[in-house]
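Student: I'd like to ask some things about the structure below.
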Amino acid sequence: MDAIGAAQALSEIGYLLRQDPKEIYRARAFSAAAWALALERPDLTALHRSGSLTSIEGVGEGIAKVLKELVENGSSRYLERLREQMKQEARGDESALDFADYQGDVHSHTEWSDGRATMLEMAEGAQALGYRYLGITDHSPRIKVVNGLDAARLVAQAREMADVQSRVDGVTLLQGIEVDILEDGSLDLPDAVLEILDVVIASPHVKLRQEPAAMNERMLRAVSHPHVDVIGHPTGRRPGSREGATYDFEAVFKEAARHGVALEIDCDPARMDLSPELARLAMDCGCNFAMDADAHAPAEFAYVPMGMWMARRAGIPKERILNFKPLDQLTMASQR
Ligand SMILES: [Zn+2]
Ligand SMILES: [Zn+2]
């Protein structure tokens, strides 16, 4: 098993452990080790042979034992046991996805809102990974604490993007927004602004515990909006700390499919949203997906190879995930 495969196994263990509040620290340790593997891609076979798996950042004796088994057998009894305990038994219809085919990420942040890196640093990070495109999708104005962008700042950002693009080869930058879905399902920026952007990710961030009928209306309205390309982290959950929104998932997913709006699998280990179970439901409803890191710094691009197990487990083939499509086949609302 290579580092990416092992990163996915550790990431799944972290995810399963997060379901138990007592295991939150252990969960974080597994997620952090998965992140180190996805970032550094060490040669696990060589490290195993020399008995130095614990030289990997964040890997202590316990995690090294899991890694040893993954290298030797390609599987982990600990993971299998957790799956059983959490009633998420292995299934025969997992899909085969290879990170080597991943073309680009359409959801990322920069210092223009709450990111911790400049646009140039993010673009260079994507370039280093061989991505063909990167969506820069900072926040919309409503949430003041993240310094969201209004129309005037988007214009200024477009100027910076032209400059950054001229300095970075190989990666096409897409200007987008992660626009807030307001309580009534309208969006936090006017249509005239959304229309000119390359990527529109509409996300629920606040008031996630609305009563179900109102939450339903809110999400149905968002997926029907003509300029929305992707619904970001569709429940807003934070496994282990915050329950996400509940609504009539089937009705909303079917409506999203009807409008050609993709649902996100946000691979940030703090989110992992959609869950594999909901992603499977969405696939059965005919939806397409975006599989993104929601990166706030270049190192967080590694969340995608870590989190790919979710789409695999949901049985989603790469044809249904827009990040596996080359740029000229990305169908966004502007081209629908
Ligand atoms: Zn978000
Ligand atoms: Zn985001």
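So you can find residues: chains in the structure tokens are A, B, ... in the order shown, residues in each start at 1, and ligands are numbered from 1 in order.
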Residues within 8 Å of ligand 1, counting only C-alpha atoms and all ligand atoms: report them as a PDB file with N, CA and C atoms, in the first residue's frame.

Tutor:
```pdb
ATOM      1  N   HIS A 139     -15.107  34.022   0.768  1.00  0.00           N
ATOM      2  CA  HIS A 139     -16.467  34.139   1.322  1.00  0.00           C
ATOM      3  C   HIS A 139     -17.198  35.392   0.835  1.00  0.00           C
ATOM      4  N   GLU A 178     -17.589  31.627  -2.447  1.00  0.00           N
ATOM      5  CA  GLU A 178     -18.380  30.723  -1.621  1.00  0.00           C
ATOM      6  C   GLU A 178     -19.450  31.599  -0.992  1.00  0.00           C
ATOM      7  N   SER A 203     -23.124  27.778   0.156  1.00  0.00           N
ATOM      8  CA  SER A 203     -22.940  26.963   1.364  1.00  0.00           C
ATOM      9  C   SER A 203     -23.804  27.467   2.510  1.00  0.00           C
ATOM     10  N   PRO A 204     -24.318  26.525   3.302  1.00  0.00           N
ATOM     11  CA  PRO A 204     -24.980  26.930   4.539  1.00  0.00           C
ATOM     12  C   PRO A 204     -23.925  27.060   5.639  1.00  0.00           C
ATOM     13  N   HIS A 205     -23.856  28.230   6.278  1.00  0.00           N
ATOM     14  CA  HIS A 205     -22.876  28.427   7.349  1.00  0.00           C
ATOM     15  C   HIS A 205     -23.520  28.705   8.699  1.00  0.00           C
ATOM     16  N   GLY A 232     -21.792  23.727  -1.192  1.00  0.00           N
ATOM     17  CA  GLY A 232     -20.625  23.451  -0.349  1.00  0.00           C
ATOM     18  C   GLY A 232     -21.042  22.799   0.962  1.00  0.00           C
ATOM     19  N   HIS A 233     -20.197  21.886   1.467  1.00  0.00           N
ATOM     20  CA  HIS A 233     -20.475  21.142   2.705  1.00  0.00           C
ATOM     21  C   HIS A 233     -21.976  21.168   3.051  1.00  0.00           C
ATOM     22  N   GLY A 236     -23.161  21.258   6.766  1.00  0.00           N
ATOM     23  CA  GLY A 236     -22.491  22.169   7.706  1.00  0.00           C
ATOM     24  C   GLY A 236     -22.041  21.508   8.994  1.00  0.00           C
ATOM     25  N   ASP A 294     -11.377  22.506   0.284  1.00  0.00           N
ATOM     26  CA  ASP A 294     -11.781  23.723   1.006  1.00  0.00           C
ATOM     27  C   ASP A 294     -10.542  24.281   1.714  1.00  0.00           C
TER      28      ASP A 294
END
```

Student: Which parts of segment 201-329 of chain A does DSSP call helix (DSSP H, G or I) when run on the backbone here, written out as a compact mmCIF listing (two decimals) with C-alpha atoms, in the first residue's frame?

Tutor:
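Below is the file that was written, part06.txt:
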```
# COMPACT_ATOMS: atom_id res chain seq x y z
CA PRO A 212 -36.90 21.12 9.05
CA ALA A 213 -39.63 22.65 6.86
CA ALA A 214 -37.83 26.00 6.74
CA MET A 215 -34.46 24.30 6.18
CA ASN A 216 -36.02 22.34 3.34
CA GLU A 217 -37.35 25.46 1.65
CA ARG A 218 -33.99 27.12 2.14
CA MET A 219 -32.02 24.31 0.49
CA LEU A 220 -34.56 23.75 -2.31
CA ARG A 221 -34.33 27.41 -3.19
CA ALA A 222 -30.52 27.33 -3.18
CA VAL A 223 -30.24 24.31 -5.51
CA PHE A 249 -32.22 15.11 1.75
CA GLU A 250 -33.84 13.06 -0.96
CA ALA A 251 -36.07 15.90 -2.15
CA VAL A 252 -33.21 18.42 -2.14
CA PHE A 253 -30.75 16.04 -3.83
CA LYS A 254 -33.26 15.21 -6.57
CA GLU A 255 -33.82 18.91 -7.18
CA ALA A 256 -30.05 19.47 -7.28
CA ALA A 257 -29.72 16.71 -9.87
CA ARG A 258 -32.53 18.25 -11.93
CA PRO A 276 -20.39 8.61 2.67
CA GLU A 277 -23.97 7.60 3.52
CA LEU A 278 -25.50 10.86 2.29
CA ALA A 279 -23.20 10.90 -0.73
CA ARG A 280 -24.54 7.47 -1.66
CA LEU A 281 -28.09 8.74 -1.36
CA ALA A 282 -27.19 11.75 -3.51
CA MET A 283 -25.67 9.46 -6.13
CA ASP A 284 -28.85 7.40 -6.21
CA PRO A 298 -1.53 25.25 0.41
CA ALA A 299 -0.78 22.34 2.78
CA GLU A 300 -4.52 21.72 3.10
CA PHE A 301 -4.74 20.63 -0.55
CA ALA A 302 -3.64 17.27 0.90
CA TYR A 303 -7.15 16.85 2.34
CA VAL A 304 -8.35 15.54 -1.03
CA PRO A 305 -6.09 12.47 -1.25
CA MET A 306 -6.85 11.86 2.45
CA GLY A 307 -10.60 12.18 2.02
CA MET A 308 -11.04 10.30 -1.22
CA TRP A 309 -12.10 7.21 0.73
CA MET A 310 -15.48 8.88 1.30
CA ALA A 311 -16.35 8.97 -2.39
CA ARG A 312 -14.96 5.46 -2.85
CA ARG A 313 -17.06 4.17 -0.01
CA LYS A 318 -15.06 9.32 -11.29
CA GLU A 319 -17.42 10.26 -14.14
CA ARG A 320 -19.73 11.74 -11.52
CA LEU A 322 -16.32 17.12 -11.64
CA ASN A 323 -12.74 17.36 -10.35
CA PHE A 324 -11.81 14.40 -12.53
CA LEU A 327 -11.01 22.10 -17.63
CA ASP A 328 -12.76 22.22 -20.99
CA GLN A 329 -15.33 19.72 -19.75
```

Student: As a CSV table (one decimal) with N, CA and C atoms, in the first residue's frame, please: every protein or nucleic acid residue near ligand 2 (cut-off 12 Å, counting only C-alpha atoms and all ligand atoms).

Tutor:
```csv
chain,number,residue,atom,x,y,z
A,105,ASP,N,-9.0,21.6,-8.1
A,105,ASP,CA,-9.9,21.8,-7.0
A,105,ASP,C,-10.7,23.1,-7.3
A,106,VAL,N,-12.0,23.1,-7.0
A,106,VAL,CA,-12.7,24.3,-7.3
A,106,VAL,C,-13.2,25.1,-6.0
A,107,HIS,N,-12.7,24.7,-4.8
A,107,HIS,CA,-13.1,25.4,-3.6
A,107,HIS,C,-11.9,25.7,-2.8
A,108,SER,N,-11.4,26.9,-2.7
A,108,SER,CA,-10.3,27.3,-1.9
A,108,SER,C,-10.4,28.8,-1.5
A,109,HIS,N,-9.6,29.1,-0.4
A,109,HIS,CA,-9.7,30.4,0.2
A,109,HIS,C,-8.3,31.0,0.2
A,110,THR,N,-8.3,32.4,0.2
A,110,THR,CA,-7.0,33.1,0.3
A,110,THR,C,-7.2,34.2,1.4
A,113,SER,N,-10.2,36.5,2.1
A,113,SER,CA,-11.2,36.3,3.2
A,113,SER,C,-10.5,35.7,4.4
A,114,ASP,N,-10.9,34.4,4.7
A,114,ASP,CA,-10.3,33.9,5.9
A,114,ASP,C,-9.1,32.9,5.7
A,115,GLY,N,-8.6,32.9,4.4
A,115,GLY,CA,-7.5,32.0,4.1
A,115,GLY,C,-6.2,32.5,4.8
A,135,GLY,N,-10.1,26.8,-8.3
A,135,GLY,CA,-11.1,27.8,-8.0
A,135,GLY,C,-10.8,28.5,-6.8
A,136,ILE,N,-10.7,29.8,-6.9
A,136,ILE,CA,-10.5,30.7,-5.7
A,136,ILE,C,-11.9,31.2,-5.3
A,137,THR,N,-12.4,30.7,-4.2
A,137,THR,CA,-13.7,30.9,-3.8
A,137,THR,C,-13.8,31.4,-2.4
A,138,ASP,N,-13.5,32.7,-2.2
A,138,ASP,CA,-13.5,33.3,-0.9
A,138,ASP,C,-15.0,33.6,-0.5
A,139,HIS,N,-15.1,34.0,0.8
A,139,HIS,CA,-16.5,34.1,1.3
A,139,HIS,C,-17.2,35.4,0.8
A,140,SER,N,-18.5,35.3,1.0
A,140,SER,CA,-19.4,36.5,0.6
A,140,SER,C,-19.5,37.4,1.8
A,146,VAL,N,-15.1,36.8,8.6
A,146,VAL,CA,-14.2,36.3,7.7
A,146,VAL,C,-13.9,37.3,6.6
A,148,GLY,N,-15.7,38.9,4.2
A,148,GLY,CA,-16.2,38.4,3.0
A,148,GLY,C,-16.2,39.5,1.9
A,176,GLY,N,-14.1,32.6,-8.3
A,176,GLY,CA,-15.4,32.2,-7.8
A,176,GLY,C,-15.8,32.9,-6.4
A,177,ILE,N,-16.8,32.3,-5.8
A,177,ILE,CA,-17.2,32.8,-4.5
A,177,ILE,C,-17.8,31.6,-3.7
A,178,GLU,N,-17.6,31.6,-2.4
A,178,GLU,CA,-18.4,30.7,-1.6
A,178,GLU,C,-19.4,31.6,-1.0
A,179,VAL,N,-20.6,31.6,-1.6
A,179,VAL,CA,-21.7,32.5,-1.2
A,179,VAL,C,-22.6,31.9,-0.1
A,180,ASP,N,-22.9,32.6,0.8
A,180,ASP,CA,-23.8,32.1,1.9
A,180,ASP,C,-25.2,31.9,1.5
A,200,VAL,N,-19.5,29.3,-8.6
A,200,VAL,CA,-20.3,29.7,-7.5
A,200,VAL,C,-20.6,28.5,-6.6
A,201,ILE,N,-20.1,28.5,-5.4
A,201,ILE,CA,-20.3,27.5,-4.4
A,201,ILE,C,-21.3,28.1,-3.4
A,202,ALA,N,-22.4,27.6,-3.2
A,202,ALA,CA,-23.4,28.1,-2.2
A,202,ALA,C,-23.4,27.2,-1.0
A,203,SER,N,-23.1,27.8,0.2
A,203,SER,CA,-22.9,27.0,1.4
A,203,SER,C,-23.8,27.5,2.5
A,204,PRO,N,-24.3,26.5,3.3
A,204,PRO,CA,-25.0,26.9,4.5
A,204,PRO,C,-23.9,27.1,5.6
A,205,HIS,N,-23.9,28.2,6.3
A,205,HIS,CA,-22.9,28.4,7.3
A,205,HIS,C,-23.5,28.7,8.7
A,230,VAL,N,-22.2,24.5,-7.2
A,230,VAL,CA,-22.0,23.5,-6.2
A,230,VAL,C,-22.6,23.9,-4.9
A,231,ILE,N,-23.2,22.9,-4.2
A,231,ILE,CA,-23.6,23.2,-2.8
A,231,ILE,C,-22.4,22.8,-1.9
A,232,GLY,N,-21.8,23.7,-1.2
A,232,GLY,CA,-20.6,23.5,-0.3
A,232,GLY,C,-21.0,22.8,1.0
A,233,HIS,N,-20.2,21.9,1.5
A,233,HIS,CA,-20.5,21.1,2.7
A,233,HIS,C,-22.0,21.2,3.1
A,234,PRO,N,-22.8,20.3,2.4
A,234,PRO,CA,-24.2,20.5,2.3
A,234,PRO,C,-25.0,20.4,3.7
A,236,GLY,N,-23.2,21.3,6.8
A,236,GLY,CA,-22.5,22.2,7.7
A,236,GLY,C,-22.0,21.5,9.0
A,264,GLU,N,-21.1,18.9,-2.8
A,264,GLU,CA,-19.7,18.8,-2.4
A,264,GLU,C,-19.4,17.6,-1.4
A,265,ILE,N,-18.3,17.0,-1.6
A,265,ILE,CA,-17.7,16.2,-0.5
A,265,ILE,C,-16.5,17.0,-0.1
A,266,ASP,N,-16.7,17.7,1.0
A,266,ASP,CA,-15.7,18.6,1.6
A,266,ASP,C,-14.7,17.6,2.4
A,267,CYS,N,-13.5,17.6,1.9
A,267,CYS,CA,-12.6,16.6,2.5
A,267,CYS,C,-11.8,17.1,3.7
A,268,ASP,N,-12.1,18.3,4.2
A,268,ASP,CA,-11.5,18.8,5.4
A,268,ASP,C,-11.9,17.8,6.5
A,271,ARG,N,-14.7,18.5,8.7
A,271,ARG,CA,-16.1,18.5,8.1
A,271,ARG,C,-16.5,17.1,7.6
A,273,ASP,N,-18.0,16.3,4.8
A,273,ASP,CA,-19.4,16.6,4.5
A,273,ASP,C,-19.6,16.8,3.0
A,292,ASP,N,-13.5,18.4,-2.8
A,292,ASP,CA,-12.7,19.5,-2.6
A,292,ASP,C,-12.0,19.5,-1.2
A,293,ALA,N,-10.9,20.2,-1.2
A,293,ALA,CA,-10.2,20.4,0.1
A,293,ALA,C,-10.7,21.5,0.9
A,294,ASP,N,-11.4,22.5,0.3
A,294,ASP,CA,-11.8,23.7,1.0
A,294,ASP,C,-10.5,24.3,1.7
A,295,ALA,N,-9.4,24.3,1.0
A,295,ALA,CA,-8.1,24.7,1.6
A,295,ALA,C,-8.1,26.1,1.9
A,296,HIS,N,-7.5,26.4,3.1
A,296,HIS,CA,-7.3,27.8,3.6
A,296,HIS,C,-5.8,28.0,3.6
A,297,ALA,N,-5.0,27.1,3.2
A,297,ALA,CA,-3.5,27.2,3.0
A,297,ALA,C,-3.1,26.1,2.1
A,300,GLU,N,-3.2,22.4,2.9
A,300,GLU,CA,-4.5,21.7,3.1
A,300,GLU,C,-5.0,21.1,1.8
```

Student: Looking at A:Asn73, A:Thr172, A:Thr54, A:Ser186, which one is nearest to Pro226 of chain A, with distances taken over only C-alpha atoms?

Tutor: A:Ser186

Student: Hey, can you check how far atom CA of Ala158 of chain A sits from atom CA of Leu189 of chain A?

Tutor: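 According to the coordinates, atom CA of Ala158 of chain A and atom CA of Leu189 of chain A are separated by 16.4 Å.
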
Student: With distances taken over only C-alpha atoms, which residue among A:Val261, A:Glu160, A:Val199, A:Gly130 lies nearest Asp101 of chain A?

Tutor: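 Selected residue with least distance to Asp101 of chain A: A:Gly130.
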
Student: If you count only C-alpha atoms, which residues fall within 10 Å of Asp93 of chain A, apart from same-chain ones fewer than 3 positions away, as a list in words?

Tutor: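 In the requested format, the answer is Ala90, Ala96, Arg312, Arg313, Ala314, Gly315 and Ile316 of chain A.
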
Student: Based on the selection just made, write C-alpha atoms of those residues as a PDB file, in the first residue's frame.

Tutor:
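Final file, out33.pdb:
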```
ATOM      1  CA  ALA A  90     -17.290  -3.089   4.284  1.00  0.00           C
ATOM      2  CA  ALA A  96     -12.018   2.731  -7.661  1.00  0.00           C
ATOM      3  CA  ARG A 312     -14.958   5.463  -2.848  1.00  0.00           C
ATOM      4  CA  ARG A 313     -17.061   4.166  -0.005  1.00  0.00           C
ATOM      5  CA  ALA A 314     -20.118   5.872  -1.410  1.00  0.00           C
ATOM      6  CA  GLY A 315     -19.450   3.981  -4.647  1.00  0.00           C
ATOM      7  CA  ILE A 316     -19.214   7.158  -6.740  1.00  0.00           C
TER       8      ILE A 316
END
```

Student: Under the rule that only C-alpha atoms are counted, which of A:Ile181, A:Gly286, A:Lys207, A:Gly125 is the nearest residue to Asp169 of chain A?

Tutor: A:Gly125

Student: Between atom CA of Leu174 of chain A and atom CA of Thr235 of chain A, what is the distance in Å, rounded to a tenth?

Tutor: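 Going from atom CA of Leu174 of chain A over to atom CA of Thr235 of chain A covers 24.9 Å.
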